[in-house]
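See below for query-v4.txt, which holds compact mmCIF, C-alpha atoms.
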```txt
# COMPACT_ATOMS: atom_id res chain seq x y z
CA GLN A 22 0.00 0.00 0.00
CA ARG A 23 1.48 3.26 -1.05
CA ARG A 24 0.95 6.07 1.33
CA SER A 25 -1.07 8.56 -0.66
CA ARG A 26 -1.82 12.11 0.20
CA SER A 27 -1.06 13.05 3.72
CA MET A 28 0.24 10.62 6.31
CA GLU A 29 -2.45 11.63 8.73
CA ALA A 30 -5.12 10.49 6.34
CA VAL A 31 -3.56 7.09 5.90
CA VAL A 32 -3.05 6.59 9.61
CA SER A 33 -6.59 7.61 10.40
CA THR A 34 -8.05 5.29 7.80
CA GLN A 35 -5.96 2.42 9.14
CA SER A 36 -7.05 2.94 12.71
CA THR A 37 -10.65 4.07 12.36
CA GLY A 38 -11.51 2.80 8.87
CA VAL A 39 -14.03 5.57 8.49
CA GLN A 40 -13.73 7.20 5.08
CA VAL A 41 -15.75 10.29 5.88
CA ALA A 42 -13.54 11.33 8.73
CA ALA A 43 -10.47 10.86 6.55
CA LYS A 44 -11.81 13.15 3.87
CA LYS A 45 -12.47 15.86 6.40
CA GLU A 46 -8.88 15.57 7.60
CA GLU A 47 -7.64 15.79 4.03
CA THR A 48 -9.34 19.03 3.20
CA ALA A 49 -8.06 20.65 6.34
CA ALA A 50 -4.50 19.62 5.60
CA THR A 51 -4.23 21.37 2.23
CA LYS A 52 -3.88 24.96 1.26
CA THR A 53 -4.43 26.70 -1.94
CA LYS A 54 -1.56 28.55 -3.51
CA GLN A 55 -1.56 30.95 -6.34
CA VAL A 56 0.44 29.91 -9.36
CA HIS A 57 1.88 31.96 -12.19
CA GLY A 58 1.52 31.21 -15.85
CA GLU A 59 -1.40 31.69 -18.23
CA LYS A 60 -2.24 28.11 -18.96
CA ASN A 61 -1.24 26.71 -15.61
CA GLY A 62 -4.53 27.04 -13.89
CA SER A 63 -4.55 29.70 -11.24
CA THR A 64 -4.31 27.63 -8.10
CA ARG A 65 -2.72 24.55 -6.77
CA GLU A 66 -3.79 22.45 -3.80
CA VAL A 67 -0.70 22.09 -1.72
CA PRO A 68 -0.51 19.85 1.34
CA LEU A 69 0.35 21.75 4.48
CA GLN A 70 2.51 18.91 5.64
CA LYS A 71 4.89 17.72 2.96
CA GLN A 72 5.47 14.04 2.42
CA PRO A 73 8.76 12.89 3.81
CA ARG A 74 11.67 12.57 1.41
CA PHE A 75 12.21 9.00 2.39
CA TYR A 76 9.73 6.31 3.03
CA PRO A 77 10.48 2.65 3.27
CA THR A 78 9.84 0.38 0.31
CA VAL A 79 8.08 -2.12 2.47
CA ASP A 80 5.19 -1.24 4.69
CA ASN A 81 6.25 -2.72 7.97
CA LYS A 82 3.50 -4.19 10.03
CA LYS A 83 2.87 -2.53 13.33
CA PRO A 84 3.29 -4.86 16.25
CA LEU A 85 0.11 -5.55 18.14
CA ASN A 86 -0.56 -3.57 21.26
CA ASN A 87 0.73 -5.25 24.41
CA ARG A 88 -1.20 -4.04 27.39
CA ARG A 89 -0.07 -6.82 29.68
CA THR A 90 1.13 -5.87 33.11
CA PRO A 91 3.12 -8.57 34.90
CA LYS A 92 1.34 -9.87 37.97
CA PRO A 93 3.22 -10.11 41.25
CA THR A 94 4.73 -13.53 41.93
CA LYS A 95 2.15 -15.91 43.31
CA LEU A 96 2.82 -16.30 46.99
CA ARG A 97 2.68 -19.87 48.31
CA SER A 98 -0.50 -20.41 50.30
CA SER A 99 1.56 -21.58 53.26
CA ILE A 100 3.41 -18.25 53.48
CA SER A 101 1.72 -15.14 54.80
CA PRO A 102 2.84 -12.06 56.73
CA GLY A 103 3.85 -13.23 60.19
CA SER A 104 4.64 -16.80 59.29
CA VAL A 105 7.89 -18.32 60.50
CA VAL A 106 10.02 -19.63 57.72
CA ILE A 107 13.30 -21.60 57.44
CA LEU A 108 15.97 -20.12 55.19
CA LEU A 109 17.62 -22.70 53.01
CA ALA A 110 20.44 -20.83 51.33
CA GLY A 111 22.82 -18.00 51.91
CA VAL A 112 24.75 -16.92 54.96
CA HIS A 113 21.74 -17.45 57.18
CA ARG A 114 20.85 -20.95 56.02
CA GLY A 115 19.01 -22.99 58.58
CA LYS A 116 17.82 -19.97 60.49
CA ARG A 117 14.19 -19.56 61.41
CA VAL A 118 12.94 -16.19 60.47
CA VAL A 119 9.74 -14.10 60.38
CA VAL A 120 8.17 -13.10 57.07
CA LEU A 121 7.04 -9.49 57.15
CA LYS A 122 5.44 -9.21 53.73
CA GLN A 123 5.80 -9.80 50.01
CA LEU A 124 7.52 -6.94 48.22
CA PRO A 125 6.28 -5.64 44.87
CA SER A 126 9.29 -7.33 43.25
CA GLY A 127 7.82 -10.66 44.37
CA LEU A 128 10.50 -11.41 46.96
CA LEU A 129 9.71 -11.95 50.60
CA LEU A 130 10.75 -9.31 53.10
CA VAL A 131 12.14 -11.12 56.07
CA SER A 132 13.53 -10.12 59.45
CA GLY A 133 15.16 -12.32 62.15
CA PRO A 134 14.24 -10.25 64.09
CA TYR A 135 17.82 -9.04 64.06
CA LYS A 136 17.94 -8.91 67.84
CA ILE A 137 17.05 -12.56 68.13
CA ASN A 138 19.06 -14.33 65.46
CA GLY A 139 21.08 -11.75 63.57
CA VAL A 140 19.07 -11.84 60.37
CA PRO A 141 18.44 -8.24 59.27
CA LEU A 142 15.71 -6.89 57.05
CA ARG A 143 16.42 -8.99 54.01
CA ARG A 144 14.86 -10.02 50.76
CA VAL A 145 14.46 -13.71 50.13
CA ASP A 146 12.98 -15.69 47.29
CA GLN A 147 10.20 -17.99 48.43
CA ALA A 148 11.81 -20.85 46.52
CA TYR A 149 14.69 -20.83 49.00
CA VAL A 150 12.48 -21.14 52.01
CA ILE A 151 10.56 -23.82 53.91
CA ALA A 152 7.32 -22.45 55.26
CA THR A 153 6.41 -23.65 58.75
CA SER A 154 2.91 -23.68 60.11
CA THR A 155 3.91 -21.34 62.95
CA LYS A 156 2.48 -17.85 62.56
CA ILE A 157 2.62 -14.71 64.64
CA ASP A 158 0.28 -11.74 64.68
CA LEU A 159 2.23 -8.89 63.14
CA PRO A 160 1.31 -5.34 64.10
CA ALA A 161 1.19 -2.57 61.51
CA LEU A 162 4.70 -2.09 60.15
CA PRO A 163 6.28 0.95 58.47
CA GLU A 164 6.19 1.00 54.69
CA ILE A 165 9.19 -0.82 53.24
CA GLY A 166 9.80 -1.25 49.53
CA ASP A 167 12.48 -2.60 47.23
CA ALA A 168 14.17 0.79 47.05
CA ILE A 169 16.14 0.40 50.30
CA PHE A 170 17.77 -2.74 49.01
CA LYS A 171 19.06 -1.23 45.81
CA ARG A 172 22.82 -1.59 45.55
CA LYS A 173 24.87 1.52 45.00
CA GLY A 174 27.07 1.39 41.90
CA LYS A 175 30.80 1.91 42.28
CA PRO A 176 31.87 5.37 41.15
CA THR A 177 33.59 5.17 37.78
CA LYS A 178 37.09 6.58 37.72
CA ASN A 179 38.65 8.37 34.79
CA GLU A 180 42.11 7.43 33.53
CA LYS A 181 43.95 9.85 35.73
CA GLU A 182 42.41 8.66 38.95
CA MET A 183 42.60 4.98 38.13
CA PHE A 184 45.48 4.23 40.42
CA ILE A 185 44.54 6.63 43.19
CA ASP A 186 42.31 5.26 45.87
CA ASN A 187 40.05 8.21 46.39
CA THR A 188 36.87 6.51 47.56
CA PRO A 189 35.82 7.68 51.00
CA GLU A 190 35.09 5.05 53.60
CA GLU A 191 31.35 4.48 53.49
CA PRO A 192 29.61 2.69 56.35
CA LYS A 193 28.77 -0.87 55.24
CA ILE A 194 25.18 -0.58 56.33
CA SER A 195 23.40 2.69 55.75
CA PRO A 196 22.22 4.41 58.93
CA GLU A 197 18.69 4.55 57.57
CA LYS A 198 18.67 0.77 57.33
CA VAL A 199 19.86 0.47 60.91
CA ALA A 200 17.17 2.84 62.07
CA LEU A 201 14.50 1.00 60.12
CA GLN A 202 15.69 -2.32 61.54
CA LYS A 203 15.40 -1.00 65.09
CA GLU A 204 11.94 0.33 64.37
CA VAL A 205 10.71 -2.98 62.96
CA ASP A 206 12.34 -5.02 65.73
CA ALA A 207 10.69 -2.87 68.37
CA LEU A 208 7.34 -3.88 66.90
CA VAL A 209 8.00 -7.55 66.18
CA VAL A 210 10.07 -8.72 69.16
CA PRO A 211 7.35 -8.09 71.80
CA VAL A 212 4.93 -10.20 69.75
CA VAL A 213 7.50 -12.99 69.54
CA LYS A 214 8.06 -12.89 73.28
CA LYS A 215 4.36 -13.44 73.91
CA THR A 216 4.48 -17.03 72.66
CA PRO A 217 6.41 -19.24 75.08
CA MET A 218 9.61 -20.72 73.67
CA LEU A 219 9.19 -18.92 70.35
CA GLN A 220 12.18 -16.68 70.95
CA SER A 221 14.54 -19.59 71.63
CA TYR A 222 12.98 -21.36 68.63
CA LEU A 223 13.92 -18.45 66.38
CA LYS A 224 17.37 -18.42 67.91
CA SER A 225 18.00 -22.03 67.02
CA ARG A 226 18.88 -23.37 63.59
CA PHE A 227 17.11 -26.05 61.65
CA THR A 228 19.08 -29.27 61.15
CA LEU A 229 18.36 -32.76 59.94
CA THR A 230 19.35 -35.66 62.13
CA LYS A 231 19.39 -39.36 61.44
CA GLY A 232 16.02 -40.74 60.50
CA GLN A 233 14.60 -37.34 59.57
CA TYR A 234 13.48 -37.10 55.98
CA PRO A 235 12.11 -33.72 54.84
CA HIS A 236 9.58 -35.31 52.50
CA GLU A 237 8.11 -37.20 55.48
CA MET A 238 8.18 -34.29 57.89
CA LYS A 239 5.47 -31.81 58.57
CA PHE A 240 6.58 -28.25 58.98
CA ALA B 26 -15.07 -63.75 65.55
CA VAL B 27 -11.64 -62.30 65.97
CA VAL B 28 -11.10 -58.61 65.86
CA SER B 29 -8.17 -57.34 63.88
CA THR B 30 -6.73 -54.07 62.72
CA GLN B 31 -6.24 -53.41 59.10
CA SER B 32 -2.57 -52.87 58.49
CA THR B 33 -1.06 -51.28 55.42
CA GLY B 34 -3.17 -53.00 52.84
CA ALA B 35 -4.50 -51.92 49.50
CA HIS B 36 -7.41 -50.21 51.19
CA GLY B 37 -5.63 -47.04 52.28
CA ASP B 38 -8.69 -45.24 53.60
CA ASP B 39 -9.41 -47.89 56.20
CA LYS B 40 -5.83 -48.29 57.30
CA GLY B 41 -5.54 -48.92 61.02
CA LYS B 42 -9.26 -49.40 61.66
CA LEU B 43 -10.69 -52.21 63.74
CA VAL B 44 -12.75 -54.87 62.01
CA ALA B 45 -14.19 -58.20 63.02
CA ILE B 46 -13.53 -61.30 60.93
CA VAL B 47 -16.97 -62.61 60.19
CA ASP B 48 -16.11 -65.48 57.90
CA VAL B 49 -13.23 -67.08 56.03
CA ILE B 50 -13.70 -67.08 52.26
CA ASP B 51 -10.70 -69.12 51.20
CA GLN B 52 -7.05 -69.55 52.02
CA ASN B 53 -6.23 -65.90 51.44
CA ARG B 54 -9.35 -63.91 52.11
CA ALA B 55 -11.71 -63.20 54.96
CA LEU B 56 -15.09 -61.56 55.11
CA VAL B 57 -14.70 -58.63 57.41
CA ASP B 58 -17.05 -56.11 59.01
CA GLY B 59 -16.46 -53.07 61.20
CA PRO B 60 -19.83 -51.55 62.02
CA CYS B 61 -18.49 -49.64 65.00
CA SER B 62 -15.40 -48.37 63.21
CA GLY B 63 -16.94 -47.20 59.98
CA VAL B 64 -15.71 -50.02 57.78
CA GLY B 65 -18.25 -51.55 55.45
CA ARG B 66 -18.61 -55.29 55.20
CA LYS B 67 -16.14 -56.53 52.60
CA ASP B 68 -13.68 -59.22 51.64
CA ILE B 69 -10.08 -58.56 52.45
CA ASN B 70 -6.79 -60.38 52.15
CA PHE B 71 -5.41 -61.79 55.39
CA LYS B 72 -2.18 -60.03 54.63
CA ALA B 73 -3.96 -56.73 55.06
CA LEU B 74 -5.06 -57.73 58.55
CA HIS B 75 -3.18 -57.70 61.84
CA LEU B 76 -4.78 -59.87 64.51
CA THR B 77 -5.57 -58.45 67.92
CA PRO B 78 -6.13 -60.45 71.09
CA PHE B 79 -9.77 -59.37 71.24
CA THR B 80 -12.65 -61.60 70.20
CA ILE B 81 -16.39 -61.21 70.05
CA PRO B 82 -18.84 -64.08 70.21
CA ILE B 83 -20.61 -64.08 66.84
CA ALA B 84 -21.70 -66.87 64.58
CA HIS B 85 -19.97 -67.20 61.21
CA SER B 86 -21.59 -65.03 58.50
CA ALA B 87 -23.41 -63.01 61.16
CA ARG B 88 -25.03 -59.91 59.78
CA SER B 89 -23.76 -56.42 60.51
CA GLY B 90 -26.40 -55.75 63.14
CA ALA B 91 -25.44 -58.85 65.11
CA VAL B 92 -21.76 -57.97 64.81
CA ARG B 93 -22.46 -54.47 66.11
CA LYS B 94 -24.44 -55.79 69.10
CA ALA B 95 -21.71 -58.22 70.07
CA TRP B 96 -19.05 -55.58 69.54
CA GLU B 97 -20.73 -53.04 71.77
CA LYS B 98 -21.49 -55.62 74.42
CA ALA B 99 -17.86 -56.67 74.58
CA GLU B 100 -16.76 -52.99 74.61
CA VAL B 101 -14.09 -53.74 72.06
CA THR B 102 -13.41 -50.14 71.04
CA LYS B 103 -12.86 -49.12 74.63
CA LYS B 104 -10.58 -52.04 75.41
CA TRP B 105 -8.65 -51.46 72.23
CA SER B 106 -7.97 -47.79 72.96
CA GLU B 107 -6.69 -48.76 76.43
CA SER B 108 -4.23 -51.29 75.05
CA THR B 109 -0.54 -50.41 74.75
CA TRP B 110 -0.64 -51.33 71.09
CA ALA B 111 -3.26 -48.71 70.32
CA LYS B 112 -1.47 -46.14 72.43
CA LYS B 113 1.77 -46.74 70.58
CA LEU B 114 -0.01 -46.30 67.26
CA ALA B 115 -1.54 -43.07 68.48
CA SER B 116 1.78 -41.63 69.65
CA ARG B 117 3.43 -42.63 66.37
CA GLU B 118 0.68 -40.83 64.50
CA LYS B 119 1.05 -37.78 66.72
CA ARG B 120 4.81 -37.70 66.26
CA SER B 121 4.43 -37.69 62.48
CA GLN B 122 2.07 -34.72 62.67
CA LEU B 123 4.36 -32.51 64.73
CA SER B 124 5.21 -29.14 63.27
CA ASP B 125 8.76 -27.78 63.28
CA PHE B 126 7.99 -25.67 66.35
CA ASP B 127 6.49 -28.71 68.10
CA ARG B 128 9.61 -30.71 67.38
CA PHE B 129 11.71 -27.95 68.91
CA LYS B 130 9.55 -27.89 72.05
CA LEU B 131 9.77 -31.68 72.26
CA MET B 132 13.54 -31.53 72.00
CA LYS B 133 13.72 -29.00 74.82
CA ALA B 134 11.38 -31.09 76.97
CA LYS B 135 13.49 -34.20 76.43
CA GLN B 136 16.62 -32.29 77.37
CA ALA B 137 15.02 -30.97 80.55
CA ARG B 138 13.81 -34.43 81.51
CA ASN B 139 17.18 -36.03 80.84
CA ARG B 140 18.92 -33.36 82.89
CA ILE B 141 16.79 -34.22 85.91
CA ILE B 142 17.42 -37.92 85.42
CA ASN B 143 21.14 -37.49 84.99
CA ILE B 144 21.48 -35.33 88.07
CA GLU B 145 19.76 -37.98 90.17
CA PHE B 146 21.83 -40.68 88.54
CA GLY B 147 24.96 -38.71 89.27
CA LYS B 148 24.02 -38.40 92.90
CA LEU B 149 23.42 -42.14 93.19
CA ARG B 150 26.67 -42.92 91.42
CA ASN B 151 28.67 -40.64 93.66
CA ALA B 152 27.04 -42.13 96.73
CA ALA B 153 27.92 -45.62 95.52
CA ARG B 154 31.51 -44.61 94.87
CA LYS B 155 31.83 -43.15 98.31
CA ALA B 156 30.33 -46.29 99.82
CA LYS B 157 32.93 -48.42 97.99
CA LYS B 158 35.77 -46.44 99.45
```

Take the structure in this file and express it as structure tokens.
Amino acid sequence: QRRSRSMEAVVSTQSTGVQVAAKKEETAATKTKQVHGEKNGSTREVPLQKQPRFYPTVDNKKPLNNRRTPKPTKLRSSISPGSVVILLAGVHRGKRVVVLKQLPSGLLLVSGPYKINGVPLRRVDQAYVIATSTKIDLPALPEIGDAIFKRKGKPTKNEKEMFIDNTPEEPKISPEKVALQKEVDALVVPVVKKTPMLQSYLKSRFTLTKGQYPHEMKF
Amino acid sequence: AVVSTQSTGAHGDDKGKLVAIVDVIDQNRALVDGPCSGVGRKDINFKALHLTPFTIPIAHSARSGAVRKAWEKAEVTKKWSESTWAKKLASREKRSQLSDFDRFKLMKAKQARNRIINIEFGKLRNAARKAKK
């Protein structure tokens, strides 16, 4: 299909398919100009918007509209805010930990609480976790998103500074994280202490002994 | 006339339930009925049965009603639940249903109990040693 007349007309016919509307657009897009010469006819209809100098030889098909929005990761039915969970990988493997909520990225936000077992506010994938049936009643927690966990990129050095160690000593954990951790712990730890033995349970690590087979165990 | 539990047989739903052997069909199978334990009258392989020491006085091929009467008169369910065998089965079942938190509590309870025992044992042992000298 060659693009005739003005581009607007073609686009509108493609999208709406209404001929009448297209014609109206056409007439608005042209202008009459006076022309010299006796036998030239006195006027010319000139498009207000000139055709582009280049147009492709092949009319490329427009890709279909994609209005999909990805849904948040489906959370396992056994995991909910306040459930105790066993971490299976990472530095804190084997530790029992409280799930605070599911972040918009789909990962679980988890906290030891830090005071109890040294696990800070951390993101964890639910695939690396065993959900236990133990749950605690979480109070309303401050809003926490994925933004806090974003890693800061290393500053790029130019050639001159490449061999000079200029980077200032940054604290390993940002003070805002520490403050947030304290705030969350102050809310969660009292709830944990209400249930007898729960605190020492969270302090301990999960291990398998002889005769224990995870596929036969209930968590 | 003998009451038996159904062990791990093909009939998974009725596993562990008490039934009375009403009749013997052939070398391998028995006609079985458990009106008081929710098991319908059916034929079952002997291998799926585990004999208990309890019996009820019924005639062979007695109907379910008669079996039920004899069962209730002999108080089989009650006697069964008081037996060590039944208690062991129950505790095994309970142990398999423990949650991770329950297992932790159990571990702590065992430790506490063993501590008490060992302290007493230690006292007795020391006393015996002293007595020897």

Each chain B residue no farther than 12 Å from chain A, nearest pair in Å, all atoms listed in the file, as a Markdown table:
```
| residue | atom | partner | partner_atom | distance |
| --- | --- | --- | --- | --- |
| B:Glu118 | CA | A:Lys239 | CA | 11.8 |
| B:Lys119 | CA | A:Lys239 | CA | 11.0 |
| B:Arg120 | CA | A:Met238 | CA | 9.6 |
| B:Ser121 | CA | A:Met238 | CA | 6.8 |
| B:Gln122 | CA | A:Lys239 | CA | 6.1 |
| B:Leu123 | CA | A:Lys239 | CA | 6.3 |
| B:Ser124 | CA | A:Phe240 | CA | 4.6 |
| B:Asp125 | CA | A:Phe240 | CA | 4.8 |
| B:Phe126 | CA | A:Thr155 | CA | 6.9 |
| B:Asp127 | CA | A:Phe240 | CA | 9.1 |
| B:Arg128 | CA | A:Phe240 | CA | 9.3 |
| B:Phe129 | CA | A:Tyr222 | CA | 6.7 |
| B:Lys130 | CA | A:Met218 | CA | 7.4 |
| B:Leu131 | CA | A:Met218 | CA | 11.1 |
| B:Met132 | CA | A:Tyr222 | CA | 10.7 |
| B:Lys133 | CA | A:Met218 | CA | 9.3 |
| B:Ala134 | CA | A:Met218 | CA | 11.0 |
```

Point to revise | Spatial neighbours of Arg144 (chain A), 10 Å, all atoms listed in the file, chain gap at least 2 places, as a PyMOL selection string | key: chain A and resi 120+122-124+126-132+141-142+146-147+167+170

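The gap separating CA of Tyr149 (chain A) from CA of Gln233 (chain A) is 19.6 Å, in Å to one decimal.
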
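What separates CA of Val112 (chain A) from CA of Ile194 (chain A) is a distance of 16.4 Å.
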
Which neighbours of region 85-91 of chain B fall inside 7 Å, counting all atoms listed in the file, when residues of the same chain fewer than 3 positions from it are skipped, and could you give them as a PDB file with C-alpha atoms, in the coordinates of the input?
```
ATOM      1  CA  VAL B  47     -16.970 -62.610  60.190  1.00  0.00           C
ATOM      2  CA  ASP B  48     -16.110 -65.480  57.900  1.00  0.00           C
ATOM      3  CA  ASP B  58     -17.050 -56.110  59.010  1.00  0.00           C
ATOM      4  CA  PRO B  60     -19.830 -51.550  62.020  1.00  0.00           C
ATOM      5  CA  LYS B  94     -24.440 -55.790  69.100  1.00  0.00           C
ATOM      6  CA  ALA B  95     -21.710 -58.220  70.070  1.00  0.00           C
TER       7      ALA B  95
END
```

Practice item. Calculate how many Å separate CA of Phe71 (chain B) from CA of Asn53 (chain B), rounding to one decimal. Key: 5.8 Å

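When the distance limit is 8 Å and all atoms listed in the file are what count, the residues near Cys61 (chain B), minus those fewer than 4 positions from it on the same chain, are Arg93, Trp96, Glu97 and Thr102 of chain B.
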
Revision key, fill the gap. For Val145 (chain A), the closest of A:Leu121, A:Asp206, A:Lys215, A:Gln70 counting all atoms listed in the file is A:Leu121

Check your understanding: What lies within 12 Å of Val199 (chain A) using all atoms listed in the file, ignoring chain neighbours under 3 positions off, as JSON, numbers by chain?
Key -> {"A": [135, 136, 141, 142, 169, 192, 193, 194, 195, 196, 202, 203, 204, 205, 206]}

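Of the listed residues A:Thr78, A:Ala50, A:Thr216, A:Val150, the one whose atoms come nearest to Ala110 (chain A) is A:Val150, with distances taken using all atoms listed in the file.
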
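Minimum atom-to-atom distances from A:Thr94, A:Pro84, A:Pro163, A:Tyr76 to Ala200 (chain A) were compared using all atoms listed in the file, and the lowest value belongs to A:Pro163.
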
Practice item. Excluding Pro78 (chain B) and residues on its chain fewer than 6 positions from it, collect all residues at most 9 Å away from it, counting only C-alpha atoms, and give them as a count of residues only. Key: 3
